[in-house]
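> Input: one structure, supplied below.
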Amino acid sequence: MENFLAAGCSELVKQSPKDEFTIVSLSRSDPKFQAICRDFGEAVTAFHSFQAKGEHGQARAAEYHLICEDLSLELMEYINLARARPKAKGHQ
């Protein structure tokens, strides 16, 4: 069984290496982020699978590419909000 959460986090870190700490932290502690990231990892895996089929998988690869872009944007918004949240008192 593929670990889609790890695949999604890995792809996200490739896209935004400066956010690696936040990505790893959210992937360990935030169930909503985990769910979106898992979906992203699954979509990325499907995209690569259809892309590897060449011409026969081109249409499906294009569909999954759009899904990947949408999920990536959603995850980056989530990361930006997490970075903007004030720290708990005593941790500033």
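FYI, nothing fancy with the structure tokens labels: chains A, B, ... in order, residues from 1 per chain, ligands from 1 as they appear.
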Do a neighbour search on Glu74 (chain A) at 12 Å with only C-alpha atoms, toss out local chain neighbours closer than 3 positions, and write the hits as number ranges by chain.
A: 12, 32-33, 35-37, 39-40, 67-71, 77-81
> Would you mind exporting C-alpha atoms of the selected residues as a PDB file, in the first residue's frame?

```pdb
ATOM      1  CA  LEU A  12       5.091  19.729  -1.460  1.00  0.00           C
ATOM      2  CA  LYS A  32      -7.174  18.334   8.035  1.00  0.00           C
ATOM      3  CA  PHE A  33      -3.748  19.049   6.531  1.00  0.00           C
ATOM      4  CA  ALA A  35      -6.193  14.552   4.645  1.00  0.00           C
ATOM      5  CA  ILE A  36      -5.541  17.191   1.983  1.00  0.00           C
ATOM      6  CA  CYS A  37      -1.896  16.170   1.698  1.00  0.00           C
ATOM      7  CA  ASP A  39      -5.271  13.434  -1.477  1.00  0.00           C
ATOM      8  CA  PHE A  40      -2.459  15.441  -3.065  1.00  0.00           C
ATOM      9  CA  ILE A  67      -6.255  18.224  -9.530  1.00  0.00           C
ATOM     10  CA  CYS A  68      -2.631  18.380  -8.341  1.00  0.00           C
ATOM     11  CA  GLU A  69      -2.480  22.114  -9.033  1.00  0.00           C
ATOM     12  CA  ASP A  70      -5.708  22.772  -7.118  1.00  0.00           C
ATOM     13  CA  LEU A  71      -4.623  20.697  -4.116  1.00  0.00           C
ATOM     14  CA  GLU A  77      -2.770  28.527   1.559  1.00  0.00           C
ATOM     15  CA  TYR A  78      -2.988  26.253   4.597  1.00  0.00           C
ATOM     16  CA  ILE A  79       0.776  26.521   5.133  1.00  0.00           C
ATOM     17  CA  ASN A  80       0.691  30.314   4.821  1.00  0.00           C
ATOM     18  CA  LEU A  81      -2.107  30.520   7.393  1.00  0.00           C
TER      19      LEU A  81
END
```
> Need the shell around Ser25 (chain A): protein/DNA/RNA residues with any atom at most 12 Å away, counting only C-alpha atoms. Skip same-chain ones fewer than 6 positions apart. Format as a ChimeraX atom specification?
/A:9,19,31,33-34,79,82-83
> Filtering to N, CA and C atoms, could you give me those residues as an mmCIF file, in the first residue's frame?

```
data_model
loop_
_atom_site.group_PDB
_atom_site.id
_atom_site.type_symbol
_atom_site.label_atom_id
_atom_site.label_comp_id
_atom_site.auth_asym_id
_atom_site.auth_seq_id
_atom_site.Cartn_x
_atom_site.Cartn_y
_atom_site.Cartn_z
ATOM 1 N N CYS A 9 3.600 15.041 1.012
ATOM 2 C CA CYS A 9 4.533 15.919 1.727
ATOM 3 C C CYS A 9 5.832 16.083 0.957
ATOM 4 N N ASP A 19 9.458 25.903 3.139
ATOM 5 C CA ASP A 19 8.367 25.592 4.060
ATOM 6 C C ASP A 19 8.452 24.175 4.627
ATOM 7 N N PRO A 31 -4.912 16.957 11.427
ATOM 8 C CA PRO A 31 -5.669 15.973 10.652
ATOM 9 C C PRO A 31 -6.217 16.508 9.327
ATOM 10 N N PHE A 33 -4.899 18.949 7.435
ATOM 11 C CA PHE A 33 -3.748 19.049 6.531
ATOM 12 C C PHE A 33 -3.353 17.660 6.042
ATOM 13 N N GLN A 34 -3.342 16.691 6.942
ATOM 14 C CA GLN A 34 -2.988 15.314 6.576
ATOM 15 C C GLN A 34 -3.924 14.794 5.480
ATOM 16 N N ILE A 79 -0.564 26.295 4.575
ATOM 17 C CA ILE A 79 0.776 26.521 5.133
ATOM 18 C C ILE A 79 0.965 28.000 5.467
ATOM 19 N N ALA A 82 -0.871 28.814 8.581
ATOM 20 C CA ALA A 82 -0.202 28.228 9.757
ATOM 21 C C ALA A 82 1.002 29.076 10.172
ATOM 22 N N ARG A 83 1.734 29.589 9.201
ATOM 23 C CA ARG A 83 2.890 30.431 9.513
ATOM 24 C C ARG A 83 2.460 31.768 10.090
#
```
> Just want the 10 Å neighbourhood of Ala59 (chain A), counted on only C-alpha atoms, with same-chain residues fewer than 6 positions away dropped. Output as a PDB file with N, CA and C atoms, in the first residue's frame.

```pdb
ATOM      1  N   PHE A  50      -0.306   7.857 -15.081  1.00  0.00           N
ATOM      2  CA  PHE A  50      -0.908   8.092 -16.395  1.00  0.00           C
ATOM      3  C   PHE A  50       0.087   8.731 -17.358  1.00  0.00           C
ATOM      4  N   GLN A  51       0.950   9.580 -16.838  1.00  0.00           N
ATOM      5  CA  GLN A  51       1.968  10.209 -17.672  1.00  0.00           C
ATOM      6  C   GLN A  51       2.919   9.151 -18.246  1.00  0.00           C
ATOM      7  N   HIS A  65      -3.265  16.406 -13.442  1.00  0.00           N
ATOM      8  CA  HIS A  65      -2.391  17.568 -13.302  1.00  0.00           C
ATOM      9  C   HIS A  65      -3.183  18.747 -12.738  1.00  0.00           C
TER      10      HIS A  65
END
```
> Which residues in region 1-61 of chain A does DSSP call alpha helix (DSSP H)? List them as a PyMOL selection string.
chain A and resi 4-15+20-29+31-52+58-61
> For a quick check of understanding, using only C-alpha atoms, which of A:Ala61, A:Ala7, A:Leu73, A:Leu26 has the smallest distance to Glu42 (chain A)?
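Of A:Ala61, A:Ala7, A:Leu73, A:Leu26, the one nearest Glu42 (chain A) is A:Ala7, counting only C-alpha atoms.
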> What separation in Å, quoted to one decimal, exists between CA of Arg85 (chain A) and CA of Phe21 (chain A)?
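Answer for the CA of Arg85 (chain A) to CA of Phe21 (chain A) separation: 14.9 Å.
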> Go through A:Glu63, A:Ala84, A:Ala46, A:Gln58 and flag the residue nearest Thr22 (chain A), using only C-alpha atoms for the distances.
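Between A:Glu63, A:Ala84, A:Ala46, A:Gln58, the residue approaching Thr22 (chain A) most closely is A:Ala84.
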